[in-house]
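Peer 1: Just data-v1.cif, nothing more (mmCIF, C-alpha atoms):
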```
data_protein
loop_
_atom_site.label_atom_id
_atom_site.label_comp_id
_atom_site.auth_asym_id
_atom_site.auth_seq_id
_atom_site.Cartn_x
_atom_site.Cartn_y
_atom_site.Cartn_z
CA MET J 1122 -95.73 33.62 13.19
CA ASN J 1123 -98.84 31.84 14.44
CA PRO J 1124 -99.66 33.37 17.84
CA HIS J 1125 -101.38 30.17 18.95
CA ASN J 1126 -98.23 28.08 18.72
CA ASP J 1127 -96.19 27.57 21.85
CA PRO J 1128 -92.38 27.63 22.02
CA GLY J 1129 -92.16 23.85 22.05
CA GLU J 1130 -93.80 23.72 18.64
CA LEU J 1131 -91.66 26.52 17.22
CA GLU J 1132 -88.20 25.34 18.21
CA VAL J 1133 -86.33 22.34 16.89
CA PRO J 1134 -83.02 21.22 18.39
CA VAL J 1135 -80.18 21.38 15.90
CA SER J 1136 -78.18 18.20 16.06
CA THR J 1137 -75.90 16.53 13.57
CA LEU J 1138 -76.36 13.37 11.57
CA ASN J 1139 -74.07 11.24 13.72
CA SER J 1140 -76.14 9.47 16.39
CA GLN J 1141 -73.35 9.47 18.98
CA PHE J 1142 -73.66 13.26 19.20
CA ALA J 1143 -77.43 13.52 18.70
CA ASP J 1144 -78.07 14.25 22.38
CA ARG J 1145 -75.78 17.31 22.27
CA PRO J 1146 -77.29 20.15 20.27
CA ILE J 1147 -74.83 22.46 18.58
CA SER J 1148 -73.94 25.39 20.81
CA LEU J 1149 -76.42 28.30 20.62
CA THR J 1150 -79.08 26.15 18.91
CA ALA J 1151 -80.73 24.21 21.77
CA PRO J 1152 -84.47 24.98 22.21
CA SER J 1153 -84.65 27.92 24.60
CA GLY J 1154 -88.31 27.69 25.58
CA ILE J 1155 -88.74 31.29 24.40
CA ASP J 1156 -91.49 32.22 21.96
CA ARG J 1157 -90.24 35.31 20.11
CA ALA J 1158 -93.87 36.42 19.79
CA ALA J 1159 -93.17 38.60 16.76
CA HIS J 1160 -96.86 39.48 16.47
CA HIS J 1161 -96.46 41.73 19.55
CA ARG J 1162 -93.56 43.81 18.24
CA LEU J 1163 -95.78 46.47 16.63
CA ASP J 1164 -98.34 46.50 19.44
CA GLU J 1165 -97.18 49.43 21.56
CA ALA J 1166 -99.96 48.99 24.14
CA TRP J 1167 -99.07 45.33 24.64
CA LEU J 1168 -95.34 46.13 24.88
CA ALA J 1169 -95.99 48.85 27.46
CA ALA J 1170 -98.10 46.47 29.55
CA ALA J 1171 -95.46 43.73 29.26
CA TRP J 1172 -92.70 46.14 30.31
CA SER J 1173 -94.60 47.22 33.40
CA HIS J 1174 -95.58 43.70 34.47
CA PRO J 1175 -93.89 42.60 37.72
CA THR J 1176 -92.74 39.27 36.29
CA THR J 1177 -90.94 40.81 33.31
CA ARG J 1178 -87.18 40.28 33.28
CA VAL J 1179 -84.58 42.60 31.75
CA PHE J 1180 -80.83 42.44 31.10
CA VAL J 1181 -78.33 44.90 29.66
CA VAL J 1182 -76.20 44.21 26.57
CA SER J 1183 -73.23 46.41 25.71
CA GLY J 1184 -70.53 45.82 23.14
CA GLY J 1185 -71.56 42.18 22.79
CA GLN J 1186 -71.24 41.56 26.52
CA VAL J 1187 -73.71 40.90 29.32
CA LEU J 1188 -73.39 40.35 33.06
CA ILE J 1189 -73.35 36.72 34.13
CA ASP J 1190 -73.53 35.30 37.63
CA GLU J 1191 -73.23 31.97 39.41
CA PRO J 1192 -75.48 32.27 42.47
CA ALA J 1193 -73.89 31.14 45.73
CA ASP J 1194 -76.95 29.04 46.52
CA SER J 1195 -76.98 27.36 43.12
CA THR J 1196 -77.32 23.60 43.51
CA ASP J 1197 -76.23 22.77 39.99
CA GLY J 1198 -73.46 25.34 39.61
CA ARG J 1199 -75.29 26.89 36.67
CA THR J 1200 -74.23 30.27 35.40
CA GLU J 1201 -77.09 32.69 34.76
CA LEU J 1202 -77.74 35.96 33.00
CA VAL J 1203 -78.03 38.81 35.47
CA MET J 1204 -81.64 39.93 35.01
CA THR J 1205 -83.78 42.35 36.96
CA PRO J 1206 -87.46 43.35 37.05
CA ALA J 1207 -88.23 46.14 34.60
CA PHE J 1208 -88.71 48.71 37.37
CA GLU J 1209 -85.11 48.13 38.52
CA ALA J 1210 -83.62 48.26 35.02
CA PRO J 1211 -81.43 51.18 33.83
CA VAL J 1212 -83.34 53.92 32.05
CA THR J 1213 -83.21 53.99 28.23
CA GLU J 1214 -85.50 55.88 25.92
CA THR J 1215 -85.31 53.88 22.72
CA HIS J 1216 -82.85 50.97 22.86
CA ARG J 1217 -85.25 48.50 24.45
CA TYR J 1218 -85.61 45.20 22.61
CA PHE J 1219 -88.42 42.70 23.17
CA LEU J 1220 -87.03 39.17 22.96
CA GLY J 1221 -90.12 37.05 23.66
CA THR J 1222 -92.06 35.18 26.33
CA ASP J 1223 -91.72 31.81 28.03
CA ASP J 1224 -94.23 29.09 28.91
CA ASP J 1225 -95.14 30.89 32.15
CA GLY J 1226 -95.94 34.12 30.35
CA VAL J 1227 -92.80 35.92 31.54
CA SER J 1228 -91.64 38.57 29.06
CA TYR J 1229 -87.96 39.25 28.39
CA PHE J 1230 -86.33 42.49 27.22
CA ALA J 1231 -82.75 43.52 26.52
CA LEU J 1232 -81.50 47.07 26.99
CA GLN J 1233 -78.65 48.34 24.81
CA LYS J 1234 -76.40 50.66 26.81
CA ASP J 1235 -72.99 52.24 26.29
CA SER J 1236 -71.65 50.26 29.25
CA LEU J 1237 -72.75 47.49 31.56
CA PRO J 1238 -74.05 48.46 35.01
CA GLY J 1239 -71.77 48.09 38.01
CA ARG J 1240 -71.49 44.68 39.63
CA MET J 1241 -74.59 43.76 41.55
CA ASP J 1242 -72.63 41.44 43.83
CA GLN J 1243 -69.18 39.93 44.06
CA SER J 1244 -69.87 37.08 41.65
CA ALA J 1245 -71.41 39.00 38.73
CA ARG J 1246 -69.02 39.75 35.90
CA PRO J 1247 -69.12 40.74 32.21
CA ALA J 1248 -68.78 38.07 29.53
CA GLY J 1249 -69.05 37.80 25.78
CA LEU J 1250 -70.98 35.17 23.87
CA ARG J 1251 -67.99 32.92 23.12
CA GLU J 1252 -67.57 32.33 26.85
CA ALA J 1253 -71.11 32.74 28.16
CA GLY J 1254 -72.69 30.65 25.42
CA LEU J 1255 -71.00 27.55 26.83
CA LEU J 1256 -71.98 28.31 30.44
CA LEU J 1257 -75.57 29.53 30.25
CA SER J 1258 -78.76 27.50 30.13
CA PRO J 1259 -80.43 27.12 26.72
CA ARG J 1260 -82.94 29.80 27.74
CA ASP J 1261 -80.31 32.34 28.74
CA ALA J 1262 -78.01 31.51 25.82
CA GLY J 1263 -80.90 31.91 23.40
CA LEU J 1264 -81.83 35.27 24.88
CA MET J 1265 -78.23 36.43 24.74
CA VAL J 1266 -77.77 35.40 21.09
CA HIS J 1267 -80.90 37.32 20.14
CA ALA J 1268 -79.86 40.42 22.10
CA VAL J 1269 -76.25 40.47 20.89
CA ALA J 1270 -77.34 40.10 17.26
CA LEU J 1271 -79.80 42.98 17.58
CA GLU J 1272 -77.26 45.17 19.35
CA ASN J 1273 -74.62 44.58 16.68
CA TRP J 1274 -77.08 45.46 13.92
CA GLN J 1275 -78.43 48.52 15.71
CA ARG J 1276 -74.96 49.95 16.34
CA LEU J 1277 -73.83 49.51 12.74
CA HIS J 1278 -76.98 50.55 10.85
CA ARG J 1279 -78.12 53.87 12.27
CA PHE J 1280 -78.44 55.62 8.91
CA CYS J 1281 -80.66 54.92 5.92
CA SER J 1282 -78.87 53.14 3.07
CA ARG J 1283 -81.30 54.75 0.60
CA CYS J 1284 -81.05 58.46 1.50
CA GLY J 1285 -78.45 58.69 4.28
CA GLU J 1286 -80.72 60.16 6.94
CA ARG J 1287 -80.71 58.88 10.51
CA THR J 1288 -83.21 56.08 11.17
CA VAL J 1289 -85.31 55.36 14.25
CA ILE J 1290 -85.95 52.11 16.08
CA ALA J 1291 -89.31 50.37 15.62
CA ALA J 1292 -90.90 46.95 16.16
CA ALA J 1293 -89.30 46.58 19.60
CA GLY J 1294 -85.82 46.69 18.10
CA HIS J 1295 -86.42 44.57 15.00
CA ILE J 1296 -86.88 47.36 12.41
CA ARG J 1297 -85.20 50.72 11.74
CA ARG J 1298 -87.36 53.26 9.91
CA CYS J 1299 -86.24 56.27 7.93
CA GLN J 1300 -88.55 59.20 8.61
CA ALA J 1301 -87.15 61.09 5.62
CA CYS J 1302 -87.84 58.64 2.78
CA GLY J 1303 -90.02 56.02 4.51
CA ALA J 1304 -87.65 53.10 3.98
CA GLU J 1305 -87.69 50.22 6.46
CA HIS J 1306 -84.53 48.33 7.29
CA TYR J 1307 -84.42 44.88 8.90
CA PRO J 1308 -81.73 43.07 10.90
CA ARG J 1309 -78.97 41.85 8.65
CA THR J 1310 -77.95 38.20 8.59
CA ASP J 1311 -75.03 37.16 6.39
CA PRO J 1312 -74.97 33.50 5.28
CA ALA J 1313 -71.56 31.89 5.60
CA VAL J 1314 -70.49 28.36 4.74
CA ILE J 1315 -68.19 26.38 7.02
CA MET J 1316 -66.98 22.98 5.88
CA LEU J 1317 -64.94 20.00 6.89
CA VAL J 1318 -63.18 18.79 3.76
CA THR J 1319 -62.03 15.16 3.52
CA ASP J 1320 -60.10 13.35 0.79
CA ASP J 1321 -60.02 9.81 -0.61
CA GLN J 1322 -57.84 8.72 2.32
CA ASP J 1323 -60.43 10.11 4.77
CA ARG J 1324 -58.02 12.79 5.94
CA ALA J 1325 -59.41 16.13 7.10
CA LEU J 1326 -58.26 19.47 5.72
CA LEU J 1327 -57.72 22.06 8.46
CA GLY J 1328 -56.39 25.57 8.09
CA ARG J 1329 -54.95 28.37 10.20
CA GLN J 1330 -55.94 31.97 9.55
CA VAL J 1331 -53.23 34.59 9.42
CA HIS J 1332 -54.36 36.35 12.61
CA TRP J 1333 -54.80 33.20 14.71
CA PRO J 1334 -52.29 32.14 17.35
CA GLU J 1335 -49.66 29.61 16.42
CA GLY J 1336 -51.12 26.10 16.33
CA ARG J 1337 -54.81 27.09 16.13
CA PHE J 1338 -56.39 25.06 13.29
CA SER J 1339 -60.00 24.78 12.24
CA THR J 1340 -62.28 24.13 9.29
CA LEU J 1341 -62.38 26.44 6.28
CA ALA J 1342 -65.19 28.97 6.02
CA GLY J 1343 -66.35 31.99 4.03
CA PHE J 1344 -69.30 34.16 3.07
CA VAL J 1345 -71.83 33.29 0.37
CA GLU J 1346 -71.57 35.74 -2.51
CA PRO J 1347 -74.50 37.34 -4.40
CA GLY J 1348 -76.05 35.07 -7.03
CA GLU J 1349 -74.32 31.98 -5.63
CA SER J 1350 -75.77 28.76 -4.20
CA ILE J 1351 -74.39 27.56 -0.90
CA GLU J 1352 -72.91 24.48 -2.60
CA GLN J 1353 -71.13 26.71 -5.11
CA SER J 1354 -69.88 28.82 -2.23
CA VAL J 1355 -68.37 25.78 -0.50
CA ALA J 1356 -66.42 24.84 -3.63
CA ARG J 1357 -65.29 28.41 -4.34
CA GLU J 1358 -64.13 29.15 -0.78
CA VAL J 1359 -62.15 25.90 -0.47
CA PHE J 1360 -60.43 26.49 -3.78
CA GLU J 1361 -59.70 30.16 -3.05
CA GLU J 1362 -58.31 29.51 0.42
CA ALA J 1363 -56.52 26.18 -0.05
CA GLY J 1364 -56.37 25.46 -3.80
CA VAL J 1365 -58.30 22.20 -3.33
CA THR J 1366 -61.17 21.28 -5.67
CA ILE J 1367 -64.46 19.94 -4.31
CA GLY J 1368 -66.93 17.37 -5.56
CA GLU J 1369 -69.78 16.12 -3.35
CA VAL J 1370 -71.14 18.51 -0.72
CA GLU J 1371 -73.39 17.42 2.18
CA TYR J 1372 -75.28 19.86 4.43
CA ILE J 1373 -75.01 19.04 8.16
CA ALA J 1374 -76.45 21.82 10.35
CA SER J 1375 -76.54 25.57 10.95
CA GLN J 1376 -75.60 27.89 13.81
CA PRO J 1377 -76.34 31.56 14.55
CA TRP J 1378 -73.07 33.44 14.85
CA PRO J 1379 -73.59 37.13 15.68
CA PHE J 1380 -69.94 38.19 15.31
CA PRO J 1381 -71.40 40.45 14.11
CA SER J 1382 -74.23 39.04 11.98
CA SER J 1383 -73.60 35.64 10.42
CA LEU J 1384 -75.56 32.42 10.03
CA MET J 1385 -73.08 29.55 9.74
CA LEU J 1386 -74.14 26.76 7.36
CA GLY J 1387 -72.15 23.63 8.12
CA PHE J 1388 -71.12 21.05 5.49
CA PHE J 1389 -69.04 18.01 4.79
CA ALA J 1390 -67.24 18.31 1.46
CA HIS J 1391 -65.28 15.68 -0.47
CA ALA J 1392 -62.08 16.80 -2.16
CA THR J 1393 -61.26 15.72 -5.72
CA SER J 1394 -57.69 17.00 -5.43
CA SER J 1395 -55.20 16.96 -2.58
CA GLU J 1396 -52.46 19.47 -3.44
CA ILE J 1397 -52.67 22.48 -1.11
CA ASN J 1398 -51.97 26.03 -2.25
CA VAL J 1399 -53.04 28.52 0.43
CA ASP J 1400 -54.02 32.05 -0.54
CA GLY J 1401 -51.74 33.65 2.06
CA GLU J 1402 -54.28 36.40 2.73
CA GLU J 1403 -56.90 34.62 4.82
CA ILE J 1404 -55.23 31.24 5.32
CA HIS J 1405 -51.60 31.15 6.44
CA GLU J 1406 -51.28 27.38 6.55
CA ALA J 1407 -53.42 24.33 5.70
CA ARG J 1408 -52.70 20.65 6.27
CA TRP J 1409 -54.26 17.24 5.76
CA PHE J 1410 -54.64 15.25 9.00
CA SER J 1411 -55.46 11.61 9.57
CA ARG J 1412 -57.23 10.91 12.87
CA GLU J 1413 -54.04 9.50 14.31
CA GLU J 1414 -52.01 12.51 13.19
CA LEU J 1415 -54.52 14.94 14.64
CA ALA J 1416 -54.66 13.07 17.96
CA ALA J 1417 -50.87 13.15 18.21
CA ALA J 1418 -50.84 16.87 17.34
CA PHE J 1419 -53.41 17.58 20.04
CA GLU J 1420 -51.44 15.61 22.61
CA SER J 1421 -48.15 17.32 21.80
CA GLY J 1422 -49.74 20.77 21.74
CA GLU J 1423 -48.69 21.30 18.13
CA VAL J 1424 -52.36 21.83 17.20
CA LEU J 1425 -54.95 23.69 19.23
CA PRO J 1426 -58.60 22.78 18.58
CA PRO J 1427 -61.15 25.42 17.54
CA TYR J 1428 -63.26 27.12 20.19
CA GLY J 1429 -65.80 24.71 21.67
CA ILE J 1430 -68.76 26.99 20.99
CA SER J 1431 -68.20 26.99 17.24
CA ILE J 1432 -69.94 24.61 14.84
CA ALA J 1433 -66.42 23.95 13.53
CA SER J 1434 -65.78 21.84 16.63
CA ARG J 1435 -68.83 19.69 15.92
CA LEU J 1436 -67.93 19.18 12.27
CA ILE J 1437 -64.45 18.00 13.23
CA GLU J 1438 -65.85 15.81 16.04
CA LEU J 1439 -68.15 14.00 13.62
CA TRP J 1440 -65.16 13.00 11.53
CA TYR J 1441 -62.79 12.53 14.49
CA GLY J 1442 -65.20 10.17 16.25
CA LYS J 1443 -65.08 11.71 19.74
CA PRO J 1444 -65.17 15.10 21.44
CA LEU J 1445 -62.20 17.36 20.82
CA PRO J 1446 -59.86 17.92 23.76
CA LYS J 1447 -60.20 20.93 25.99
CA PRO J 1448 -57.20 22.72 27.54
CA GLY J 1449 -55.47 20.30 29.92
CA ASP J 1450 -57.20 17.21 28.53
CA VAL J 1451 -55.24 14.10 27.62
CA VAL J 1452 -56.21 12.76 24.21
#
```
Starting from the coordinates I provided, produce the structure as structure tokens.

Peer 2:
Amino acid sequence: MNPHNDPGELEVPVSTLNSQFADRPISLTAPSGIDRAAHHRLDEAWLAAAWSHPTTRVFVVSGGQVLIDEPADSTDGRTELVMTPAFEAPVTETHRYFLGTDDDGVSYFALQKDSLPGRMDQSARPAGLREAGLLLSPRDAGLMVHAVALENWQRLHRFCSRCGERTVIAAAGHIRRCQACGAEHYPRTDPAVIMLVTDDQDRALLGRQVHWPEGRFSTLAGFVEPGESIEQSVAREVFEEAGVTIGEVEYIASQPWPFPSSLMLGFFAHATSSEINVDGEEIHEARWFSREELAAAFESGEVLPPYGISIASRLIELWYGKPLPKPGDVV
């Protein structure tokens, strides 16, 4: 990364192709104002100075959760990450991750701990990314996504895949090194396709996974396999899960999804067949919906929309023509 760039030059808001939603970036993709400053990750002297600086801010991540707070004196009701100066942060010897700096030169670190610290006041509480990502500012959401992704990777990849020996943390949390064989291991990101499929009647194909609650429907999705293009993956996943064949595929946008380590690649796909034959393993039920049918199903409660933080919501919205209902909304 060019150290002379500033965060505004490095970050691009991820919006979709439909102009009516262009002012609403996809959740977890809005510019955070944080420069990840990767060129500092191997500079131990710089990291030590940044950690000891009085403006540095630190938060704890544990099991994918952080502490969030809505200050009593907040004028805009904004929820915030609970952050402290470094000198007030819990002690940790190795699990300290440098996340970047902002326009004012403030450095941000995350600490991975086995549990979150006790409540700092009556309003602070733990929250996972699915909830907090919708409440936090772009800065705080961006920091949390980065921290949760690193924590997930660190917890699951403590041993060398080449020789089996335990690895150690390096590069401020962004590398694990094996001291036995010298191998370096980097954070894992698994590409996954997620697609809204439509047919010649402009109906949308939505499915319900076997472990979802009754009525929860969303777009189809699946992981890209080795040696496969993302377009091939879209066609394969739709056919495997619903028995529907795909023709034209159009890329829309992407979204980081650290549950635990995915990058969601969003598409529109046009079906060349309409008969549904679900696999019964991942997808329990799949149905074609017109806009009118989906609106009626939302209103009756027969269908529950996907979680608002997911790119699936945006893909469906682009076809649906308006925001999806939230609990209690009238369609």

Peer 1: Once the PyMOL selection byres ((chain J and resi 1392-1400) around 9) has been evaluated on this model, what residues remain selected, and can you format them as an MDAnalysis selection string?

Peer 2: chainID J and resid 1318:1321 1328 1360:1369 1390:1391 1401:1409

Peer 1: For the file shown, report as JSON, numbers by chain the outcome of the PyMOL selection byres ((chain J and resi 1226-1232) around 9) at residue level.

Peer 2: {"J": [1155, 1171, 1172, 1174, 1176, 1177, 1178, 1179, 1180, 1181, 1182, 1183, 1207, 1210, 1211, 1212, 1213, 1215, 1216, 1217, 1218, 1219, 1220, 1221, 1222, 1223, 1224, 1225, 1233, 1234, 1264, 1265, 1268, 1272]}

Peer 1: Once the PyMOL selection byres ((chain J and resi 1306-1317) around 6) is applied to the coordinates I shared, what remains selected? I want it as a list in words.

Peer 2: Ile1296, Arg1297, Glu1305, Val1318, Thr1340, Leu1341, Ala1342, Gly1343, Phe1344, Val1345, Ser1382, Ser1383, Leu1384, Met1385, Leu1386, Gly1387, Phe1388 and Phe1389 of chain J

Peer 1: Find, counting all atoms listed in the file, the residue in J:Gln1275, J:Gln1376, J:Ser1153, J:Gln1322 that gets nearest to J:Phe1410.

Peer 2: J:Gln1322

Peer 1: Kindly give the distance, in Å, that separates atom CA of J:Glu1371 and atom CA of J:Gln1330, rounded to a single decimal.

Peer 2: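 One can read the atom CA of J:Glu1371 to atom CA of J:Gln1330 distance as 23.9 Å.
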
Peer 1: With the cut-off set at 12 Å and counting all atoms listed in the file, tabulate each residue of stretch 1226-1256 of chain J with an atom at most that distance from an atom of stretch 1144-1150 of chain J, showing the nearest atom pair and its distance in Å to one decimal, ordered by chain and increasing number, as a Markdown table.

Peer 2:
```
| residue | atom | partner | partner_atom | distance |
| --- | --- | --- | --- | --- |
| J:Leu1250 | CA | J:Leu1149 | CA | 9.3 |
| J:Arg1251 | CA | J:Ser1148 | CA | 9.9 |
| J:Glu1252 | CA | J:Ser1148 | CA | 11.2 |
| J:Ala1253 | CA | J:Leu1149 | CA | 10.2 |
| J:Gly1254 | CA | J:Leu1149 | CA | 6.5 |
| J:Leu1255 | CA | J:Ser1148 | CA | 7.0 |
| J:Leu1256 | CA | J:Ser1148 | CA | 10.3 |
```

Peer 1: How many Å separate atom CA of J:Thr1205 from atom CA of J:Asp1164?

Peer 2: 23.2 Å

Peer 1: Just to confirm, what's the straight-line distance from atom CA of J:Pro1238 to atom CA of J:Thr1200 in Å (one decimal)?

Peer 2: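 Those two atoms sit 18.2 Å apart.
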
Peer 1: Pick the closest to J:Ser1236 from J:Leu1188, J:Ala1270, J:Leu1445, J:Met1204: which is it, counting all atoms listed in the file?

Peer 2: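 Under the stated criterion, the closest residue is J:Leu1188.
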
Peer 1: Return the single residue from J:Pro1347, J:Pro1334, J:Pro1379, J:Gly1185 that is closest to J:Leu1425, with distances computed using all atoms listed in the file.

Peer 2: J:Pro1334

Peer 1: Given only C-alpha atoms as the basis, pick out the residue of J:Ala1304, J:Val1269, J:Val1187, J:Ile1437 nearest to J:Pro1377.

Peer 2: J:Val1269

Peer 1: Just the residues within 9 Å of J:Ser1411, please, counting all atoms listed in the file, with nothing from its chain fewer than 4 positions along; format it as a list in words.

Peer 2: Gln1322, Asp1323, Arg1324, Ala1325, Leu1415, Ala1416 and Tyr1441 of chain J

Peer 1: Which is closest to J:Gly1249 among J:Ile1430, J:Val1370, J:Leu1277, J:Ala1158, if we use only C-alpha atoms?

Peer 2: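 Closest residue, counting only C-alpha atoms: J:Ile1430.
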
Peer 1: Nearest to J:Arg1337: which of J:Glu1352, J:Glu1191, J:Glu1423, J:Glu1438 is it, counting only C-alpha atoms?

Peer 2: J:Glu1423

Peer 1: Please rebuild stretch 1318-1339 of chain J with N, CA and C atoms and give the result as a PDB file, in the frame of the given file.

Peer 2:
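Saved result, selection17.pdb, follows:
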```pdb
ATOM      1  N   VAL J1318     -63.540  19.410   5.031  1.00  0.00           N
ATOM      2  CA  VAL J1318     -63.180  18.790   3.760  1.00  0.00           C
ATOM      3  C   VAL J1318     -62.389  17.520   4.049  1.00  0.00           C
ATOM      4  N   THR J1319     -62.773  16.419   3.403  1.00  0.00           N
ATOM      5  CA  THR J1319     -62.030  15.160   3.520  1.00  0.00           C
ATOM      6  C   THR J1319     -61.631  14.677   2.135  1.00  0.00           C
ATOM      7  N   ASP J1320     -60.572  13.863   2.079  1.00  0.00           N
ATOM      8  CA  ASP J1320     -60.100  13.350   0.790  1.00  0.00           C
ATOM      9  C   ASP J1320     -60.348  11.861   0.671  1.00  0.00           C
ATOM     10  N   ASP J1321     -59.811  11.238  -0.376  1.00  0.00           N
ATOM     11  CA  ASP J1321     -60.020   9.810  -0.610  1.00  0.00           C
ATOM     12  C   ASP J1321     -59.406   8.936   0.469  1.00  0.00           C
ATOM     13  N   GLN J1322     -58.440   9.462   1.223  1.00  0.00           N
ATOM     14  CA  GLN J1322     -57.840   8.720   2.320  1.00  0.00           C
ATOM     15  C   GLN J1322     -58.541   9.005   3.656  1.00  0.00           C
ATOM     16  N   ASP J1323     -59.648   9.727   3.591  1.00  0.00           N
ATOM     17  CA  ASP J1323     -60.430  10.110   4.770  1.00  0.00           C
ATOM     18  C   ASP J1323     -59.619  10.988   5.715  1.00  0.00           C
ATOM     19  N   ARG J1324     -58.726  11.789   5.157  1.00  0.00           N
ATOM     20  CA  ARG J1324     -58.020  12.790   5.940  1.00  0.00           C
ATOM     21  C   ARG J1324     -58.835  14.085   5.944  1.00  0.00           C
ATOM     22  N   ALA J1325     -58.685  14.864   6.981  1.00  0.00           N
ATOM     23  CA  ALA J1325     -59.410  16.130   7.100  1.00  0.00           C
ATOM     24  C   ALA J1325     -58.472  17.291   6.781  1.00  0.00           C
ATOM     25  N   LEU J1326     -59.010  18.275   6.065  1.00  0.00           N
ATOM     26  CA  LEU J1326     -58.260  19.470   5.720  1.00  0.00           C
ATOM     27  C   LEU J1326     -58.573  20.562   6.734  1.00  0.00           C
ATOM     28  N   LEU J1327     -57.561  21.002   7.473  1.00  0.00           N
ATOM     29  CA  LEU J1327     -57.720  22.060   8.460  1.00  0.00           C
ATOM     30  C   LEU J1327     -56.767  23.193   8.139  1.00  0.00           C
ATOM     31  N   GLY J1328     -57.206  24.411   8.419  1.00  0.00           N
ATOM     32  CA  GLY J1328     -56.390  25.570   8.090  1.00  0.00           C
ATOM     33  C   GLY J1328     -56.218  26.501   9.272  1.00  0.00           C
ATOM     34  N   ARG J1329     -55.224  27.378   9.166  1.00  0.00           N
ATOM     35  CA  ARG J1329     -54.950  28.370  10.200  1.00  0.00           C
ATOM     36  C   ARG J1329     -54.963  29.754   9.563  1.00  0.00           C
ATOM     37  N   GLN J1330     -55.860  30.618  10.076  1.00  0.00           N
ATOM     38  CA  GLN J1330     -55.940  31.970   9.550  1.00  0.00           C
ATOM     39  C   GLN J1330     -54.721  32.784   9.973  1.00  0.00           C
ATOM     40  N   VAL J1331     -54.467  33.834   9.214  1.00  0.00           N
ATOM     41  CA  VAL J1331     -53.230  34.590   9.420  1.00  0.00           C
ATOM     42  C   VAL J1331     -53.199  35.277  10.786  1.00  0.00           C
ATOM     43  N   HIS J1332     -54.358  35.634  11.337  1.00  0.00           N
ATOM     44  CA  HIS J1332     -54.360  36.350  12.610  1.00  0.00           C
ATOM     45  C   HIS J1332     -54.560  35.440  13.813  1.00  0.00           C
ATOM     46  N   TRP J1333     -54.631  34.128  13.593  1.00  0.00           N
ATOM     47  CA  TRP J1333     -54.800  33.200  14.710  1.00  0.00           C
ATOM     48  C   TRP J1333     -53.476  32.925  15.402  1.00  0.00           C
ATOM     49  N   PRO J1334     -53.535  32.496  16.664  1.00  0.00           N
ATOM     50  CA  PRO J1334     -52.290  32.140  17.350  1.00  0.00           C
ATOM     51  C   PRO J1334     -51.663  30.896  16.737  1.00  0.00           C
ATOM     52  N   GLU J1335     -50.387  30.765  16.952  1.00  0.00           N
ATOM     53  CA  GLU J1335     -49.660  29.610  16.420  1.00  0.00           C
ATOM     54  C   GLU J1335     -50.301  28.321  16.906  1.00  0.00           C
ATOM     55  N   GLY J1336     -50.566  27.394  15.974  1.00  0.00           N
ATOM     56  CA  GLY J1336     -51.120  26.100  16.330  1.00  0.00           C
ATOM     57  C   GLY J1336     -52.639  26.006  16.270  1.00  0.00           C
ATOM     58  N   ARG J1337     -53.349  27.127  16.172  1.00  0.00           N
ATOM     59  CA  ARG J1337     -54.810  27.090  16.130  1.00  0.00           C
ATOM     60  C   ARG J1337     -55.267  26.702  14.717  1.00  0.00           C
ATOM     61  N   PHE J1338     -55.891  25.536  14.579  1.00  0.00           N
ATOM     62  CA  PHE J1338     -56.390  25.060  13.290  1.00  0.00           C
ATOM     63  C   PHE J1338     -57.895  24.837  13.393  1.00  0.00           C
ATOM     64  N   SER J1339     -58.563  25.008  12.265  1.00  0.00           N
ATOM     65  CA  SER J1339     -60.000  24.780  12.240  1.00  0.00           C
ATOM     66  C   SER J1339     -60.425  24.471  10.809  1.00  0.00           C
TER      67      SER J1339
END
```
